[in-house]
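Structure data follow from coords.csv (CSV, C-alpha atoms):
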```csv
chain,number,residue,atom,x,y,z
A,1,MET,CA,91.3,151.0,147.7
A,2,SER,CA,89.3,147.8,148.5
A,3,VAL,CA,87.5,145.9,145.8
A,4,GLU,CA,84.6,143.6,146.5
A,5,LYS,CA,85.2,139.8,145.9
A,6,LYS,CA,82.2,137.6,145.5
A,7,ILE,CA,82.2,134.2,147.2
A,8,HIS,CA,79.5,131.6,147.7
A,9,ALA,CA,78.4,130.1,151.0
A,10,ALA,CA,77.2,126.6,151.4
A,11,SER,CA,73.5,125.9,152.0
A,12,GLY,CA,72.8,125.6,155.7
A,13,TRP,CA,70.3,122.8,155.5
A,14,PRO,CA,72.7,119.9,154.9
A,15,VAL,CA,75.0,121.2,157.6
A,16,LEU,CA,72.0,121.6,159.9
A,17,GLY,CA,71.0,118.0,159.3
A,18,ALA,CA,74.6,116.8,160.0
A,19,THR,CA,74.7,118.9,163.1
A,20,ILE,CA,71.4,117.4,164.4
A,21,ILE,CA,72.7,113.9,163.8
A,22,ALA,CA,75.9,114.7,165.6
A,23,PHE,CA,73.9,116.0,168.6
A,24,ILE,CA,71.9,112.8,168.7
A,25,VAL,CA,75.1,110.6,168.5
A,26,ILE,CA,76.8,112.7,171.2
A,27,ILE,CA,73.8,112.5,173.5
A,28,ALA,CA,73.4,108.8,172.9
A,29,ALA,CA,77.1,108.2,173.6
A,30,PHE,CA,76.9,110.2,176.8
A,31,VAL,CA,73.8,108.3,178.0
A,32,LEU,CA,75.2,104.9,177.2
A,33,SER,CA,78.5,105.8,178.9
A,34,ILE,CA,76.6,106.8,182.1
A,35,VAL,CA,74.4,103.7,182.0
A,36,GLY,CA,77.5,101.4,181.5
A,37,LEU,CA,79.3,103.0,184.5
A,38,ALA,CA,76.2,102.8,186.6
A,39,VAL,CA,75.6,99.1,185.8
A,40,ALA,CA,79.3,98.3,186.5
A,41,GLU,CA,79.1,100.0,189.9
A,42,ASP,CA,75.9,98.1,190.8
A,43,THR,CA,77.2,94.7,189.8
A,44,GLY,CA,80.7,95.2,191.1
A,45,VAL,CA,82.1,94.3,187.7
A,46,PRO,CA,84.9,96.6,186.5
A,47,ALA,CA,83.6,99.1,183.9
A,48,SER,CA,84.7,98.8,180.3
A,49,PRO,CA,87.3,101.4,179.3
A,50,LEU,CA,84.9,102.3,176.4
A,51,CYS,CA,82.5,103.8,179.0
A,52,GLY,CA,85.1,106.2,180.3
A,53,TRP,CA,86.3,107.1,176.9
A,54,GLY,CA,82.8,107.5,175.6
A,55,LEU,CA,81.9,109.8,178.5
A,56,GLY,CA,85.0,112.0,178.0
A,57,ILE,CA,84.7,112.1,174.2
A,58,SER,CA,80.9,113.0,174.4
A,59,ILE,CA,81.5,115.8,176.8
A,60,ALA,CA,84.3,117.2,174.7
A,61,ALA,CA,82.3,116.8,171.5
A,62,PHE,CA,79.3,118.5,173.1
A,63,CYS,CA,81.5,121.5,173.9
A,64,LEU,CA,83.1,121.6,170.4
A,65,ILE,CA,80.0,121.2,168.4
A,66,TRP,CA,78.9,124.7,169.2
A,67,ILE,CA,81.7,126.0,167.0
A,68,PRO,CA,80.2,124.9,163.7
A,69,VAL,CA,76.8,125.9,164.9
A,70,SER,CA,77.9,129.5,165.1
A,71,GLY,CA,78.5,129.4,161.3
A,72,PHE,CA,74.8,129.5,160.4
A,73,PHE,CA,73.4,132.8,159.1
A,74,THR,CA,70.5,134.0,156.9
A,75,LEU,CA,70.5,136.6,154.2
A,76,GLN,CA,67.3,138.2,153.0
A,77,PRO,CA,66.9,139.6,149.5
A,78,GLY,CA,68.9,142.8,149.3
A,79,GLN,CA,71.4,141.9,151.9
A,80,ALA,CA,75.1,140.9,151.7
A,81,ARG,CA,77.6,139.6,154.3
A,82,VAL,CA,81.2,140.6,154.3
A,83,CYS,CA,83.4,137.6,155.4
A,84,ILE,CA,86.4,138.6,157.5
A,85,LEU,CA,88.7,135.9,158.9
A,86,PHE,CA,91.0,137.2,161.7
A,87,GLY,CA,91.3,140.6,160.0
A,88,ASP,CA,91.7,139.2,156.5
A,89,TYR,CA,88.9,140.0,153.9
A,90,LYS,CA,87.9,136.8,152.2
A,91,GLY,CA,84.9,138.0,150.1
A,92,THR,CA,81.3,139.0,150.1
A,93,VAL,CA,78.3,136.6,150.1
A,94,ARG,CA,75.2,137.7,148.3
A,95,ASP,CA,73.4,134.4,148.2
A,96,GLU,CA,70.1,134.8,149.9
A,97,GLY,CA,68.5,132.2,152.2
A,98,PHE,CA,69.8,129.9,155.0
A,99,ARG,CA,73.6,129.6,154.7
A,100,TRP,CA,76.6,128.2,156.5
A,101,ALA,CA,80.2,129.6,156.4
A,102,ASN,CA,83.4,129.4,158.4
A,103,PRO,CA,82.3,129.9,162.0
A,104,PHE,CA,85.4,132.1,162.7
A,105,TYR,CA,84.2,134.8,160.3
A,106,SER,CA,83.7,138.1,162.2
A,107,ARG,CA,80.2,139.1,163.1
A,108,SER,CA,80.9,142.9,163.3
A,109,MET,CA,83.6,145.3,162.3
A,110,GLY,CA,84.3,146.3,165.9
A,111,GLY,CA,84.0,149.6,167.6
A,112,ASN,CA,86.4,152.6,167.3
A,113,SER,CA,86.8,155.9,169.1
A,114,ALA,CA,85.8,157.9,166.0
A,115,SER,CA,82.4,156.2,165.8
A,116,GLU,CA,81.9,156.5,169.6
A,117,ASP,CA,82.7,160.2,169.6
A,118,ALA,CA,80.4,160.8,166.6
A,119,ILE,CA,77.5,159.0,168.2
A,120,ALA,CA,78.1,160.7,171.6
A,121,SER,CA,78.1,164.1,169.8
A,122,THR,CA,74.8,163.2,168.1
A,123,VAL,CA,73.3,162.2,171.4
A,124,THR,CA,74.4,165.4,173.1
A,125,LYS,CA,73.1,167.7,170.3
A,126,SER,CA,69.7,165.9,169.8
A,127,GLY,CA,69.0,165.5,173.5
A,128,LEU,CA,68.0,161.8,173.4
A,129,SER,CA,66.5,160.1,176.4
A,130,LEU,CA,68.4,157.7,178.6
A,131,GLY,CA,67.2,154.6,176.8
A,132,LYS,CA,68.1,156.1,173.4
A,133,SER,CA,71.5,157.1,174.8
A,134,ILE,CA,72.2,153.6,176.0
A,135,GLU,CA,71.1,152.2,172.6
A,136,ALA,CA,73.4,154.6,170.8
A,137,ALA,CA,76.3,153.8,173.1
A,138,ALA,CA,75.8,150.0,172.5
A,139,LYS,CA,75.7,150.6,168.8
A,140,ALA,CA,79.0,152.5,169.0
A,141,ALA,CA,80.6,149.8,171.1
A,142,GLY,CA,79.4,147.0,168.8
A,143,GLY,CA,80.5,148.7,165.6
A,144,LEU,CA,79.2,148.1,162.1
A,145,SER,CA,77.7,144.7,161.3
A,146,CYS,CA,79.2,142.6,158.7
A,147,LYS,CA,75.8,142.3,157.1
A,148,VAL,CA,75.3,145.2,154.7
A,149,SER,CA,72.0,146.2,153.1
A,150,VAL,CA,72.4,146.8,149.4
A,151,ARG,CA,68.8,148.0,149.0
A,152,ALA,CA,67.9,151.5,148.0
A,153,ARG,CA,67.8,154.0,150.9
A,154,THR,CA,66.5,157.5,151.2
A,155,LEU,CA,68.3,160.3,153.0
A,156,ASN,CA,66.0,163.2,153.8
A,157,GLY,CA,68.4,166.1,154.4
A,158,ASP,CA,67.8,168.9,156.9
A,159,ILE,CA,67.0,172.4,155.8
A,160,LEU,CA,70.4,174.2,155.3
A,161,LYS,CA,71.0,177.9,155.2
A,162,VAL,CA,73.6,178.6,152.4
A,163,ASN,CA,74.6,181.5,150.1
A,164,ASP,CA,73.8,181.3,146.4
A,165,LYS,CA,76.0,182.4,143.6
A,166,VAL,CA,75.6,186.1,144.4
A,167,GLY,CA,75.7,185.7,148.1
A,168,ASN,CA,72.0,185.9,149.0
A,169,PRO,CA,71.2,183.7,152.0
A,170,ILE,CA,68.7,180.9,151.0
A,171,GLU,CA,67.2,177.8,152.7
A,172,ILE,CA,67.6,174.6,150.8
A,173,ALA,CA,67.1,170.9,151.4
A,174,THR,CA,67.4,167.7,149.4
A,175,VAL,CA,66.4,164.0,149.3
A,176,VAL,CA,69.0,161.5,148.1
A,177,VAL,CA,68.2,157.9,147.0
A,178,TRP,CA,71.3,155.8,147.3
A,179,HIS,CA,72.5,152.2,147.8
A,180,VAL,CA,75.7,150.3,148.6
A,181,GLU,CA,77.3,149.0,145.4
A,182,ASP,CA,80.7,147.8,146.7
A,183,THR,CA,80.5,146.4,150.2
A,184,ALA,CA,84.3,146.2,150.6
A,185,LYS,CA,84.7,149.9,150.0
A,186,ALA,CA,81.8,150.7,152.3
A,187,LEU,CA,83.2,148.9,155.2
A,188,PHE,CA,87.0,149.2,154.7
A,189,ASP,CA,87.7,152.5,152.9
A,190,VAL,CA,85.5,154.7,155.2
A,191,ASP,CA,85.0,154.7,158.9
A,192,ASN,CA,81.2,154.7,158.9
A,193,TYR,CA,79.6,154.7,155.4
A,194,GLU,CA,76.1,155.9,156.6
A,195,GLN,CA,77.6,158.9,158.4
A,196,PHE,CA,79.9,159.5,155.4
A,197,VAL,CA,76.9,159.6,153.1
A,198,ALA,CA,75.0,162.1,155.3
A,199,THR,CA,78.1,164.4,155.6
A,200,GLN,CA,78.9,164.3,151.9
A,201,ALA,CA,75.3,164.9,150.9
A,202,GLU,CA,75.3,168.1,153.0
A,203,THR,CA,78.6,169.2,151.6
A,204,GLY,CA,77.6,168.5,148.0
A,205,LEU,CA,74.4,170.4,148.4
A,206,ARG,CA,76.2,173.4,149.8
A,207,HIS,CA,78.6,173.4,146.9
A,208,VAL,CA,75.9,173.1,144.2
A,209,ALA,CA,73.8,175.8,145.8
A,210,SER,CA,76.8,178.1,145.8
A,211,ILE,CA,77.4,177.9,142.0
A,212,TYR,CA,73.9,178.9,140.9
A,213,ALA,CA,71.8,182.0,141.6
A,214,TYR,CA,68.4,181.7,143.1
A,215,ASP,CA,66.6,183.1,140.1
A,216,HIS,CA,67.4,185.0,136.9
A,217,ALA,CA,67.1,188.4,138.5
A,218,GLU,CA,69.9,187.5,140.9
A,219,ASP,CA,72.3,186.4,138.1
A,220,SER,CA,75.0,189.0,137.5
A,221,SER,CA,75.1,188.1,133.8
A,222,ASP,CA,71.4,189.0,133.4
A,223,SER,CA,71.0,186.2,130.9
A,224,MET,CA,67.7,184.4,130.8
A,225,ASP,CA,69.6,181.3,129.6
A,226,ALA,CA,71.5,181.0,132.8
A,227,ILE,CA,70.7,178.0,135.0
A,228,THR,CA,69.0,179.0,138.3
A,229,LEU,CA,67.9,177.1,141.4
A,230,ARG,CA,64.3,178.1,141.1
A,231,SER,CA,63.7,177.8,137.3
A,232,ASN,CA,65.9,174.8,136.4
A,233,ILE,CA,65.1,172.1,138.8
A,234,GLU,CA,66.0,169.3,136.5
A,235,GLU,CA,69.4,170.7,135.6
A,236,VAL,CA,70.2,171.4,139.2
A,237,SER,CA,69.1,167.9,140.3
A,238,THR,CA,71.4,166.4,137.6
A,239,ALA,CA,74.3,168.5,138.8
A,240,LEU,CA,73.7,167.5,142.4
A,241,LYS,CA,73.5,163.9,141.5
A,242,TYR,CA,76.8,164.1,139.6
A,243,GLU,CA,78.4,165.9,142.5
A,244,LEU,CA,77.3,163.3,145.0
A,245,THR,CA,78.3,160.5,142.8
A,246,GLN,CA,81.8,161.8,142.7
A,247,ARG,CA,82.0,162.4,146.4
A,248,LEU,CA,80.5,159.0,147.4
A,249,ALA,CA,82.4,156.8,145.0
A,250,PRO,CA,85.2,156.1,147.5
A,251,ALA,CA,82.7,154.6,149.9
A,252,GLY,CA,81.3,152.2,147.2
A,253,VAL,CA,77.9,154.1,147.2
A,254,THR,CA,75.9,154.7,144.1
A,255,VAL,CA,73.5,157.7,143.9
A,256,ASP,CA,70.2,156.7,142.2
A,257,ASP,CA,68.5,160.1,142.4
A,258,ALA,CA,68.9,163.5,144.1
A,259,ARG,CA,66.2,166.1,144.2
A,260,LEU,CA,65.6,169.5,146.0
A,261,THR,CA,62.7,169.3,148.5
A,262,HIS,CA,62.9,172.8,149.8
A,263,LEU,CA,64.0,176.1,148.3
A,264,ALA,CA,63.3,179.6,149.7
A,265,TYR,CA,64.9,182.8,150.7
A,266,ALA,CA,66.2,183.1,154.2
A,267,PRO,CA,63.7,184.8,156.6
A,268,GLU,CA,65.9,187.9,157.0
A,269,ILE,CA,65.6,188.8,153.3
A,270,ALA,CA,62.3,187.0,152.4
A,271,GLN,CA,60.1,190.2,152.8
A,272,ALA,CA,62.5,192.3,150.7
A,273,MET,CA,62.6,189.7,148.0
A,274,LEU,CA,58.9,189.4,148.0
A,275,ARG,CA,58.5,193.1,147.5
A,276,ARG,CA,61.0,193.0,144.7
A,277,GLN,CA,59.1,190.2,143.0
A,278,GLN,CA,55.8,192.1,143.4
A,279,ALA,CA,57.5,195.1,141.8
A,280,GLU,CA,58.7,193.0,138.9
A,281,ALA,CA,55.2,191.6,138.4
A,282,VAL,CA,53.7,195.1,138.4
A,283,ILE,CA,56.3,196.3,135.9
A,284,ALA,CA,55.7,193.3,133.6
A,285,ALA,CA,51.9,193.9,133.8
A,286,ARG,CA,52.3,197.6,133.1
A,287,LYS,CA,54.5,196.8,130.1
A,288,LYS,CA,51.8,194.5,128.7
A,289,ILE,CA,49.2,197.1,129.3
A,290,VAL,CA,51.2,199.9,127.5
A,291,GLU,CA,51.9,197.6,124.5
A,292,GLY,CA,48.2,196.8,124.2
A,293,ALA,CA,47.2,200.5,124.6
A,294,VAL,CA,49.6,201.6,121.9
A,295,SER,CA,48.2,199.1,119.4
A,296,MET,CA,44.7,200.1,120.3
A,297,VAL,CA,45.5,203.9,119.8
A,298,GLU,CA,47.1,203.2,116.5
A,299,MET,CA,44.1,201.2,115.3
A,300,ALA,CA,41.6,203.9,116.5
A,301,VAL,CA,43.5,206.7,114.7
A,302,ASP,CA,43.9,204.6,111.5
A,303,GLU,CA,40.2,203.7,111.5
A,304,LEU,CA,39.1,207.3,112.0
A,305,SER,CA,41.4,208.6,109.2
A,306,ARG,CA,40.5,205.8,106.8
A,307,GLY,CA,36.9,206.9,106.3
A,308,GLY,CA,37.7,210.5,105.5
A,309,GLN,CA,34.8,211.8,107.4
A,310,VAL,CA,36.9,212.9,110.4
A,311,GLU,CA,40.0,214.8,109.6
A,312,LEU,CA,42.6,215.2,112.3
A,313,ASP,CA,45.7,217.1,112.1
A,314,GLU,CA,48.9,216.0,113.9
A,315,GLU,CA,48.1,218.1,116.9
A,316,ARG,CA,44.6,216.6,117.3
A,317,LYS,CA,46.0,213.1,116.7
A,318,ALA,CA,48.5,213.6,119.5
A,319,ALA,CA,45.8,214.9,121.8
A,320,MET,CA,43.6,212.0,121.0
A,321,ALA,CA,46.4,209.5,121.5
A,322,SER,CA,47.2,211.1,124.8
A,323,ASN,CA,43.6,210.9,126.0
A,324,LEU,CA,43.2,207.2,124.9
A,325,MET,CA,46.5,206.3,126.6
A,326,VAL,CA,45.3,207.9,129.9
A,327,VAL,CA,42.0,206.0,129.6
A,328,LEU,CA,43.5,202.6,128.7
A,329,CYS,CA,46.5,202.7,131.1
A,330,GLY,CA,44.8,204.4,134.1
A,331,GLU,CA,44.2,202.2,137.2
A,332,SER,CA,40.9,204.0,138.1
A,333,GLU,CA,37.8,204.3,136.0
A,334,ALA,CA,37.9,207.2,133.4
A,335,ARG,CA,35.4,210.1,133.8
A,336,PRO,CA,35.2,211.7,130.3
A,337,VAL,CA,34.2,215.3,129.8
A,338,VAL,CA,31.8,215.8,126.9
A,339,ASN,CA,32.4,219.0,124.8
A,340,ALA,CA,29.0,220.1,123.5
A,341,GLY,CA,30.4,223.1,121.6
A,342,SER,CA,32.6,223.4,118.5
A,343,LEU,CA,35.3,220.8,117.9
A,344,TYR,CA,37.8,223.7,117.9
```
Could you render the structure from this file as C-alpha cells?
Amino acid sequence: MSVEKKIHAASGWPVLGATIIAFIVIIAAFVLSIVGLAVAEDTGVPASPLCGWGLGISIAAFCLIWIPVSGFFTLQPGQARVCILFGDYKGTVRDEGFRWANPFYSRSMGGNSASEDAIASTVTKSGLSLGKSIEAAAKAAGGLSCKVSVRARTLNGDILKVNDKVGNPIEIATVVVWHVEDTAKALFDVDNYEQFVATQAETGLRHVASIYAYDHAEDSSDSMDAITLRSNIEEVSTALKYELTQRLAPAGVTVDDARLTHLAYAPEIAQAMLRRQQAEAVIAARKKIVEGAVSMVEMAVDELSRGGQVELDEERKAAMASNLMVVLCGESEARPVVNAGSLY
C-alpha cells in the first residue's frame, strides 16, 4: 500500500522574476541580432559572427524557456498536489500559494478503461444531455487530476430499499461527511477514489441496515434493550461510521460523520405496518385505562366501606366493581339506570 510523503515546493515568485528577466534578455538578444544583421547588409560590411550566434541562441532559448514556465502552479487552502515524475511518486505538496516545481511532474493520472466504462454507464443510466455526455467523456479521457482536495466533502446517498434484520423491506438513506487523509492511497491504491467512496457508502449502509431491526416490535428477541434503526439513531450512526471507516481506509479516506437521513417502511408493507402500529397504540392506551379504572374502583370501594354507613357484601362489591369498570372503560358515554326501590 502507498504512503504519502510530504515534500515542499519552492515559492513561484523568485522563479517568475528570473523567468521574466530571461524573457527580456532573450528578446533583447534577438532584436540586437536582427539589427546587427540588417546593418551589415545595408553597409556591405560582413556581419559579426556574434549576430548569427545570438540569433540562433535566442530562438532556441525562446523555445526552451517554456519548459520551466510549465512548472508554475497554485494551491488553495485545503488542496494538495501529488508529484509524479515519469511514473515515479515523489511526494505530495501541501504548501498553499503560488509555487514552482519540476515542470516534468505529471498534471493528471491519465485515463483508463475502467473509469471510461464507469462514466459511460453513468451517462447511459442518468440520460444526460449531449453537452453533459461530452463533458463526462472528456473527464474520463483526462483522468484524475494530480491536485486533490483535502477539504471535507458531503455525500448525499440515494434512498435504498434493503431488508432489515428480520427481513422486512425498508427504505433508508444516509449522508456521509468525509475527506482525503492520505493522497497517495487515494490516487494509487484505488482506481477512482470518489467512485470508491460512493460505492462503499452504499455497501456499508446495506450491511448496517441488515444487522438491526426497524423497531423493537420487529426484534425476534423481544428485548426493549436491543438496538433498532428507529429508536437508536446515535448507536446506528456510530456503527455506520465505524463500518465506513474500515471500508474506506484502503483509499486514504477518513469519515468525519455518517447519519441516517431517511428511514421508512417500503410502500408495499407501509399500510400494514401502520395498522399494526395503530393497534399497538390502542392496546397501550387500553392498558393504561384499565390500570386507572382498577385503582379508582378499589379507592371507591374502600372509601364506601371505611365510613360504615354503607355495608356491601362480596356479591354487591363485585357488582359495583363491574359497573364502575364498564363506566370507566367504555368508549361511549354511560347511561345509568336509577333504581328508586329497595337496594335489594
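Using all atoms listed in the file for every distance, the candidate list A:Lys5, A:Lys317, A:His262, A:Lys147 yields A:Lys5 as the residue closest to Thr92 in chain A.
Proximity to Glu4 in chain A was assessed for A:Ala186, A:Ala152, A:Met299, A:Ile67 counting all atoms listed in the file; the smallest distance is recorded for A:Ala186.
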What are the centre and edge lengths in Å, to one decimal, of the axis-aligned box around all listed atoms of range 252-271 of chain A with 4 Å added on each side, as AutoDock Vina command-line options?
```
--center_x 70.7 --center_y 171.2 --center_z 149.6 --size_x 29.2 --size_y 46.0 --size_z 22.8
```
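When CA of Arg206 in chain A is paired with CA of Glu243 in chain A, their separation reads 10.7 Å.
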- Which residues, written as a list in words, have at least one atom at most 9 Å from Asp158 in chain A, with all atoms listed in the file counted and residues fewer than 4 positions away on the same chain left out? Ile172, Ala173, Thr174 and Glu202 of chain A
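In this model, the gap between CA of Leu155 in chain A and CA of Phe188 in chain A comes to 21.8 Å.
Checking A:Cys146, A:Leu260, A:Ala198, A:Val162 one by one against Gly110 in chain A, counting all atoms listed in the file, you find the shortest gap at A:Cys146.
Across the structure, CA of Lys241 in chain A and CA of His216 in chain A are spaced 22.4 Å apart.
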- Ser210 in chain A surroundings by only C-alpha atoms, 9 Å radius, close-in-sequence under 2 positions cut, as JSON, numbers by chain: {"A": [162, 163, 164, 165, 166, 167, 205, 206, 207, 208, 212, 213]}
Could you dump the residues just selected with C-alpha atoms as a PDB file, keeping the file's coordinate frame?
```
ATOM      1  CA  VAL A 162      73.600 178.600 152.400  1.00  0.00           C
ATOM      2  CA  ASN A 163      74.600 181.500 150.100  1.00  0.00           C
ATOM      3  CA  ASP A 164      73.800 181.300 146.400  1.00  0.00           C
ATOM      4  CA  LYS A 165      76.000 182.400 143.600  1.00  0.00           C
ATOM      5  CA  VAL A 166      75.600 186.100 144.400  1.00  0.00           C
ATOM      6  CA  GLY A 167      75.700 185.700 148.100  1.00  0.00           C
ATOM      7  CA  LEU A 205      74.400 170.400 148.400  1.00  0.00           C
ATOM      8  CA  ARG A 206      76.200 173.400 149.800  1.00  0.00           C
ATOM      9  CA  HIS A 207      78.600 173.400 146.900  1.00  0.00           C
ATOM     10  CA  VAL A 208      75.900 173.100 144.200  1.00  0.00           C
ATOM     11  CA  TYR A 212      73.900 178.900 140.900  1.00  0.00           C
ATOM     12  CA  ALA A 213      71.800 182.000 141.600  1.00  0.00           C
TER      13      ALA A 213
END
```
